[in-house]
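Data from protein_9.tsv: TSV, C-alpha atoms
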```tsv
chain	number	residue	atom	x	y	z
D	1429	THR	CA	56.76	110.31	77.57
D	1430	SER	CA	60.31	111.60	77.16
D	1431	ILE	CA	60.96	111.42	80.92
D	1432	LYS	CA	59.58	107.87	81.07
D	1433	SER	CA	61.81	106.77	78.19
D	1434	LYS	CA	64.88	108.24	79.88
D	1435	LYS	CA	64.00	106.44	83.12
D	1436	ASN	CA	63.60	103.14	81.25
D	1437	LEU	CA	66.91	103.67	79.46
D	1438	PHE	CA	68.65	104.47	82.75
D	1439	SER	CA	67.16	101.34	84.34
D	1440	PHE	CA	68.38	99.23	81.40
D	1441	PHE	CA	71.97	100.43	81.69
D	1442	LEU	CA	71.89	100.04	85.48
D	1443	LEU	CA	70.78	96.42	85.09
D	1444	LEU	CA	73.40	95.81	82.40
D	1445	SER	CA	76.16	97.22	84.62
D	1446	PHE	CA	75.02	95.03	87.52
D	1447	LEU	CA	75.06	91.91	85.37
D	1448	ILE	CA	78.53	92.65	84.01
D	1449	HIS	CA	80.04	93.30	87.43
D	1450	SER	CA	78.27	90.30	88.93
D	1451	ARG	CA	79.78	88.08	86.23
D	1452	GLN	CA	83.24	89.50	86.77
D	1453	GLY	CA	83.09	88.50	90.41
D	1454	SER	CA	81.75	84.99	89.86
D	1455	ALA	CA	83.52	81.69	89.40
D	1456	ASN	CA	83.70	79.62	86.24
D	1457	ASP	CA	83.78	75.87	86.88
D	1458	VAL	CA	85.61	73.39	84.67
D	1459	PHE	CA	85.26	69.69	85.49
D	1460	VAL	CA	87.96	67.12	84.74
D	1461	ASP	CA	86.72	63.59	84.05
D	1462	ALA	CA	87.95	60.44	85.75
D	1463	PRO	CA	90.54	58.75	83.51
D	1464	GLN	CA	89.80	55.41	81.88
D	1465	ILE	CA	92.05	52.73	80.45
D	1466	VAL	CA	90.69	51.52	77.12
D	1467	GLY	CA	92.62	49.06	75.00
D	1468	GLY	CA	95.60	49.48	77.29
D	1469	ILE	CA	95.66	53.27	76.76
D	1470	ASP	CA	95.33	55.57	79.77
D	1471	SER	CA	93.08	58.54	78.95
D	1472	SER	CA	94.64	60.73	81.70
D	1473	ASP	CA	96.63	62.93	79.34
D	1474	LEU	CA	95.03	62.49	75.94
D	1475	ILE	CA	94.29	65.46	73.72
D	1476	GLY	CA	91.34	65.10	71.35
D	1477	ASN	CA	87.59	65.09	71.02
D	1478	ASP	CA	86.99	61.85	72.86
D	1479	GLY	CA	84.29	63.16	75.18
D	1480	ARG	CA	86.51	63.12	78.27
D	1481	CYS	CA	87.99	66.27	79.78
D	1482	THR	CA	91.62	65.82	80.85
D	1483	LEU	CA	93.50	68.12	83.21
D	1484	ARG	CA	95.72	69.31	80.35
D	1485	GLU	CA	92.68	70.19	78.21
D	1486	ALA	CA	90.99	71.97	81.13
D	1487	ILE	CA	94.05	74.16	81.75
D	1488	ALA	CA	94.39	74.90	78.03
D	1489	ASN	CA	90.81	76.23	78.12
D	1490	THR	CA	91.40	78.38	81.19
D	1491	ASN	CA	94.69	79.67	79.75
D	1492	ALA	CA	92.88	80.80	76.60
D	1493	ASP	CA	89.72	82.07	78.35
D	1494	ARG	CA	87.67	80.14	75.80
D	1495	GLN	CA	86.89	76.60	74.66
D	1496	VAL	CA	90.03	75.36	72.94
D	1497	HIS	CA	89.01	71.77	73.66
D	1498	ALA	CA	85.36	70.80	73.30
D	1499	ASP	CA	85.72	68.04	75.90
D	1500	CYS	CA	85.87	70.64	78.71
D	1501	GLU	CA	83.90	73.69	79.74
D	1502	PRO	CA	85.40	76.90	78.32
D	1503	GLY	CA	87.57	79.27	80.29
D	1504	GLN	CA	86.05	82.70	80.88
D	1505	VAL	CA	87.42	86.23	80.72
D	1506	ARG	CA	87.46	88.32	83.93
D	1507	VAL	CA	86.26	85.52	86.20
D	1508	GLN	CA	88.07	83.09	88.46
D	1509	ASP	CA	88.36	79.76	86.66
D	1510	VAL	CA	88.06	76.80	89.05
D	1511	ILE	CA	89.15	73.36	87.82
D	1512	HIS	CA	87.65	70.42	89.71
D	1513	VAL	CA	89.58	67.13	89.77
D	1514	PRO	CA	87.41	64.17	90.82
D	1515	ALA	CA	88.01	62.42	94.15
D	1516	GLY	CA	90.31	59.42	94.33
D	1517	THR	CA	91.39	59.53	90.69
D	1518	LEU	CA	94.92	59.16	89.28
D	1519	HIS	CA	95.96	61.45	86.43
D	1520	THR	CA	99.25	60.35	84.86
D	1521	LEU	CA	101.05	62.77	82.54
D	1522	GLN	CA	102.89	61.50	79.48
D	1523	ARG	CA	106.40	62.42	78.41
D	1524	GLU	CA	105.25	63.33	74.89
D	1525	GLN	CA	103.07	66.16	76.25
D	1526	ARG	CA	105.69	67.68	78.60
D	1527	ALA	CA	104.79	69.67	81.74
D	1528	ILE	CA	101.46	71.51	81.91
D	1529	THR	CA	101.99	75.26	81.67
D	1530	ILE	CA	99.66	77.59	83.59
D	1531	GLU	CA	99.46	81.07	82.07
D	1532	THR	CA	96.40	82.69	83.70
D	1533	PRO	CA	94.98	82.77	87.25
D	1534	VAL	CA	93.30	79.51	88.21
D	1535	THR	CA	92.23	77.45	91.19
D	1536	ILE	CA	92.64	73.66	91.03
D	1537	VAL	CA	90.68	71.73	93.65
D	1538	GLY	CA	90.44	68.08	94.56
D	1539	ASP	CA	88.64	66.38	97.42
D	1540	ALA	CA	89.51	66.76	101.10
D	1541	GLN	CA	88.35	63.26	102.07
D	1542	ASN	CA	89.81	61.38	99.10
D	1543	PRO	CA	92.36	63.55	97.29
D	1544	PRO	CA	93.06	62.81	93.63
D	1545	SER	CA	96.65	62.29	92.47
D	1546	ILE	CA	98.48	63.96	89.60
D	1547	SER	CA	101.63	62.07	88.58
D	1548	GLY	CA	104.57	63.08	86.44
D	1549	ASN	CA	105.10	59.36	85.85
D	1550	ASN	CA	108.74	59.77	86.98
D	1551	LEU	CA	109.35	61.27	83.54
D	1552	ILE	CA	108.31	64.93	83.52
D	1553	ARG	CA	107.59	67.91	85.74
D	1554	ILE	CA	103.87	68.40	86.49
D	1555	PHE	CA	103.33	72.19	86.36
D	1556	ASN	CA	105.09	75.27	84.99
D	1557	ILE	CA	103.58	78.44	86.46
D	1558	LEU	CA	104.43	81.53	84.44
D	1559	ILE	CA	105.44	84.94	85.77
D	1560	ASN	CA	102.76	86.98	87.61
D	1561	THR	CA	100.26	84.10	87.42
D	1562	ARG	CA	98.21	83.48	90.56
D	1563	VAL	CA	97.53	79.79	91.20
D	1564	THR	CA	95.83	78.00	94.11
D	1565	ILE	CA	95.94	74.21	94.51
D	1566	SER	CA	94.07	72.39	97.26
D	1567	ASP	CA	93.28	68.83	98.35
D	1568	ILE	CA	95.47	67.19	95.70
D	1569	LEU	CA	98.49	64.83	95.75
D	1570	LEU	CA	101.32	65.76	93.37
D	1571	ILE	CA	103.59	62.77	92.91
D	1572	ASN	CA	106.46	61.38	90.85
D	1573	GLY	CA	107.43	64.58	89.05
D	1574	ASN	CA	110.85	64.56	87.41
D	1575	ALA	CA	112.42	67.72	85.99
D	1576	GLY	CA	115.61	66.01	84.84
D	1577	ASN	CA	118.41	68.58	84.63
D	1578	ALA	CA	116.05	71.51	85.27
D	1579	ASN	CA	114.73	73.02	88.51
D	1580	GLY	CA	111.48	71.97	90.19
D	1581	GLY	CA	110.57	68.29	90.04
D	1582	CYS	CA	106.84	68.77	90.61
D	1583	ILE	CA	106.43	72.52	90.07
D	1584	SER	CA	108.48	75.35	88.63
D	1585	ASN	CA	106.88	78.52	89.98
D	1586	SER	CA	107.45	82.01	88.59
D	1587	GLY	CA	104.10	83.34	89.82
D	1588	PHE	CA	102.13	83.52	93.05
D	1589	LEU	CA	101.43	79.99	94.24
D	1590	THR	CA	99.36	78.80	97.19
D	1591	ILE	CA	98.98	75.11	98.02
D	1592	ALA	CA	96.74	73.88	100.85
D	1593	ARG	CA	95.86	70.50	102.37
D	1594	SER	CA	97.95	68.63	99.82
D	1595	ALA	CA	101.11	66.56	99.45
D	1596	LEU	CA	104.11	66.67	97.14
D	1597	ASN	CA	105.86	63.32	97.23
D	1598	ASN	CA	108.64	61.46	95.42
D	1599	CYS	CA	109.55	64.25	93.00
D	1600	SER	CA	113.08	64.89	91.78
D	1601	SER	CA	115.39	67.33	90.05
D	1602	GLN	CA	119.05	67.11	89.12
D	1603	GLU	CA	119.27	70.82	89.91
D	1604	GLY	CA	117.25	72.70	92.58
D	1605	GLY	CA	113.95	71.91	94.25
D	1606	GLY	CA	113.00	68.26	94.19
D	1607	ALA	CA	109.35	69.23	94.62
D	1608	ILE	CA	109.12	73.02	94.06
D	1609	TYR	CA	111.37	75.65	92.52
D	1610	VAL	CA	110.49	79.27	93.38
D	1611	ASP	CA	111.90	81.81	90.95
D	1612	ILE	CA	112.98	85.35	91.80
D	1613	ASP	CA	110.03	87.70	92.50
D	1614	ALA	CA	107.70	84.70	92.82
D	1615	THR	CA	105.88	83.76	96.02
D	1616	LEU	CA	105.01	80.45	97.65
D	1617	THR	CA	102.48	79.82	100.43
D	1618	LEU	CA	102.08	76.31	101.84
D	1619	GLU	CA	99.39	75.43	104.39
D	1620	ASP	CA	98.88	71.95	105.85
D	1621	ILE	CA	101.27	70.21	103.46
D	1622	GLN	CA	103.26	66.97	103.45
D	1623	MET	CA	106.49	66.76	101.48
D	1624	VAL	CA	107.97	63.26	101.50
D	1625	GLY	CA	110.76	61.54	99.60
D	1626	ASN	CA	111.78	64.39	97.29
D	1627	LEU	CA	115.32	64.61	95.90
D	1628	ALA	CA	117.53	67.30	94.32
D	1629	ASN	CA	121.05	68.67	94.30
D	1630	TRP	CA	119.95	71.77	96.26
D	1631	GLY	CA	116.77	71.90	98.31
D	1632	GLY	CA	115.47	68.36	98.44
D	1633	ALA	CA	111.90	69.63	98.75
D	1634	ILE	CA	112.09	73.39	97.98
D	1635	TYR	CA	114.64	75.60	96.26
D	1636	ALA	CA	113.83	79.33	96.37
D	1637	VAL	CA	115.60	82.26	94.74
D	1638	GLY	CA	114.50	84.93	97.22
D	1639	ILE	CA	112.78	84.50	100.55
D	1640	ASP	CA	109.08	85.21	99.91
D	1641	LEU	CA	107.99	81.91	101.45
D	1642	THR	CA	105.15	81.28	103.89
D	1643	LEU	CA	105.15	77.79	105.39
D	1644	ASN	CA	102.36	76.89	107.82
D	1645	ASP	CA	102.08	73.35	109.17
D	1646	VAL	CA	104.41	71.80	106.60
D	1647	GLN	CA	105.76	68.34	107.36
D	1648	PHE	CA	109.08	67.39	105.75
D	1649	ASN	CA	110.09	63.75	105.79
D	1650	ALA	CA	112.90	61.86	104.01
D	1651	ASN	CA	113.72	64.66	101.56
D	1652	ARG	CA	117.35	64.66	100.41
D	1653	ALA	CA	119.82	66.98	98.72
D	1654	TYR	CA	123.19	65.93	97.35
D	1655	GLU	CA	124.67	69.39	98.01
D	1656	LYS	CA	122.74	71.68	100.38
D	1657	GLY	CA	119.31	71.94	102.00
D	1658	GLY	CA	117.81	68.53	102.61
D	1659	ALA	CA	114.37	70.11	102.99
D	1660	VAL	CA	114.64	73.80	101.96
D	1661	TYR	CA	117.40	75.81	100.33
D	1662	THR	CA	117.05	79.55	99.70
D	1663	ILE	CA	119.19	82.20	98.02
D	1664	ALA	CA	118.29	85.67	99.29
```
Could you rewrite the structure in this file as structure tokens?
Amino acid sequence: TSIKSKKNLFSFFLLLSFLIHSRQGSANDVFVDAPQIVGGIDSSDLIGNDGRCTLREAIANTNADRQVHADCEPGQVRVQDVIHVPAGTLHTLQREQRAITIETPVTIVGDAQNPPSISGNNLIRIFNILINTRVTISDILLINGNAGNANGGCISNSGFLTIARSALNNCSSQEGGGAIYVDIDATLTLEDIQMVGNLANWGGAIYAVGIDLTLNDVQFNANRAYEKGGAVYTIA
């Protein structure tokens, strides 16, 4: 009886270990809702229990690894959070909310056939990516970001950023990186990307402090810089 009990106990802990490690390697999906305009108000960037998950609420949940906002699925600890943005939708950020800050590893995916758009509304930057944070963005259009007198019109990146099959268009900065600013010790990988109509003082599309850039099949068109680097400007 003692031997049988020990075998059962061993089997229990073996199963428990398997379940824990399986969960750690899985993905956690968070689904953003399509915005609606009700009473002249765009729901794209609203915060509140209105039954609709916005991109800002989804990222707040994944940053916290829990359910900060009940409108969205919770973020999870020790798994890869994947945020899904619905096809063909337009998500317009509001000045009052400022740029969306990403603090923990996350993947943000759109739709390859009909990419959704995330707009800074020509008022604010779209994303701040904090130091050592790994972020992947795919099949999404990032448009109309405006960093004002700061770097990075669409994205300010201090982490490890990969963007694939996407576009960054019509973003601006009065400093460096009309579309993307890459901080020291950060990395940027672009694959199958269009960058059109971005504007800055240095690096109309990209301004990088350091040279850890990987650019594969990137098309630059009509990007401008008032000082140096119409498309890309780097400081090694």
- Item | Who sits within 8 Å of Glu1655 in chain D, all atoms listed in the file, same chain under 2 positions skipped, as a list in words |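 That gives Asn1629, Trp1630, Ala1653 and Gly1657 of chain D.
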Contacts of range 1482-1564 of chain D with range 1464-1470 of chain D up to 12 Å, shortest pair per row, only C-alpha atoms, as CSV:
```
residue,atom,partner,partner_atom,distance
D:Thr1482,CA,D:Gln1464,CA,10.6
D:Thr1517,CA,D:Gln1464,CA,9.9
D:Leu1518,CA,D:Gln1464,CA,9.7
D:His1519,CA,D:Asp1470,CA,8.9
D:Thr1520,CA,D:Asp1470,CA,8.0
D:Leu1521,CA,D:Asp1470,CA,9.6
D:Gln1522,CA,D:Asp1470,CA,9.6
```
- Message: Let me make sure I understand: among D:Cys1599, D:Val1563, D:Ala1592, D:Val1646, which one has the smallest atom-to-atom distance to Ala1628 in chain D if we use only C-alpha atoms?
- Response: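 Counting only C-alpha atoms, the residue closest to Ala1628 in chain D is D:Cys1599.
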- Atom-to-atom span, CA of Val1660 in chain D and CA of Ala1607 in chain D, Å: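 Interatomic distance, CA of Val1660 in chain D to CA of Ala1607 in chain D: 10.1 Å.
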- Item | Interatomic distance (Å, one decimal) between CA of Val1637 in chain D and CA of Ser1545 in chain D | 27.6 Å
Find the residues near Asp1473 in chain D: any atom within 12 Å, counting all atoms listed in the file, skip ones fewer than 5 places away on the same chain, and give them as a CSV table (one decimal) with C-alpha atoms, keeping the file's coordinate frame.
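Dumped to selection-v3.csv:
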```
chain,number,residue,atom,x,y,z
D,1460,VAL,CA,88.0,67.1,84.7
D,1461,ASP,CA,86.7,63.6,84.0
D,1462,ALA,CA,88.0,60.4,85.8
D,1463,PRO,CA,90.5,58.8,83.5
D,1464,GLN,CA,89.8,55.4,81.9
D,1465,ILE,CA,92.0,52.7,80.4
D,1478,ASP,CA,87.0,61.8,72.9
D,1480,ARG,CA,86.5,63.1,78.3
D,1481,CYS,CA,88.0,66.3,79.8
D,1482,THR,CA,91.6,65.8,80.8
D,1483,LEU,CA,93.5,68.1,83.2
D,1484,ARG,CA,95.7,69.3,80.4
D,1485,GLU,CA,92.7,70.2,78.2
D,1486,ALA,CA,91.0,72.0,81.1
D,1487,ILE,CA,94.0,74.2,81.8
D,1518,LEU,CA,94.9,59.2,89.3
D,1519,HIS,CA,96.0,61.4,86.4
D,1520,THR,CA,99.2,60.4,84.9
D,1521,LEU,CA,101.0,62.8,82.5
D,1522,GLN,CA,102.9,61.5,79.5
D,1523,ARG,CA,106.4,62.4,78.4
D,1524,GLU,CA,105.2,63.3,74.9
D,1525,GLN,CA,103.1,66.2,76.2
D,1526,ARG,CA,105.7,67.7,78.6
D,1527,ALA,CA,104.8,69.7,81.7
D,1528,ILE,CA,101.5,71.5,81.9
D,1546,ILE,CA,98.5,64.0,89.6
D,1547,SER,CA,101.6,62.1,88.6
D,1548,GLY,CA,104.6,63.1,86.4
D,1549,ASN,CA,105.1,59.4,85.8
D,1554,ILE,CA,103.9,68.4,86.5
```
- Message: For a cutoff of 9 Å around the file-coordinate point (87.4, 81.9, 83.7), which residues qualify once you count all atoms listed in the file? I'd like the result as a list in words.
- Response: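 Residues with an atom at most 9 Å from (87.4, 81.9, 83.7): Ser1454, Ala1455, Asn1456, Asp1457, Val1458, Asn1489, Thr1490, Asn1491, Asp1493, Arg1494, Pro1502, Gly1503, Gln1504, Val1505, Arg1506, Val1507, Gln1508, Asp1509, Val1510, Pro1533 and Val1534 of chain D.
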- Task: Could you please determine the separation between CA of Ile1475 in chain D and CA of Val1496 in chain D in Å, to one decimal place?
- Result: 10.8 Å
- Task: Considering all atoms listed in the file, return as JSON, numbers by chain whatever protein or nucleic-acid residues lie within 12 Å of Gln1541 in chain D, sequence-local ones (same chain, fewer than 5 positions apart) excluded.
- Result: {"D": [1514, 1515, 1516, 1566, 1567, 1568, 1593, 1594]}
- 10 Å contact set for Thr1561 in chain D, all atoms listed in the file, chain neighbours under 2 positions out, as a PyMOL selection string: chain D and resi 1530-1534+1557-1559+1563+1585-1589+1614
- Can you pull out every residue within 6 Å of Ile1565 in chain D, counting all atoms listed in the file, but drop anything in the same chain fewer than 6 positions away, and send it as a ChimeraX atom specification? /D:1535-1537,1591
Expected file contents, prior selection, C-alpha atoms, as a PDB file, in the frame of the given file:
```pdb
ATOM      1  CA  THR D1535      92.230  77.450  91.190  1.00  0.00           C
ATOM      2  CA  ILE D1536      92.640  73.660  91.030  1.00  0.00           C
ATOM      3  CA  VAL D1537      90.680  71.730  93.650  1.00  0.00           C
ATOM      4  CA  ILE D1591      98.980  75.110  98.020  1.00  0.00           C
TER       5      ILE D1591
END
```
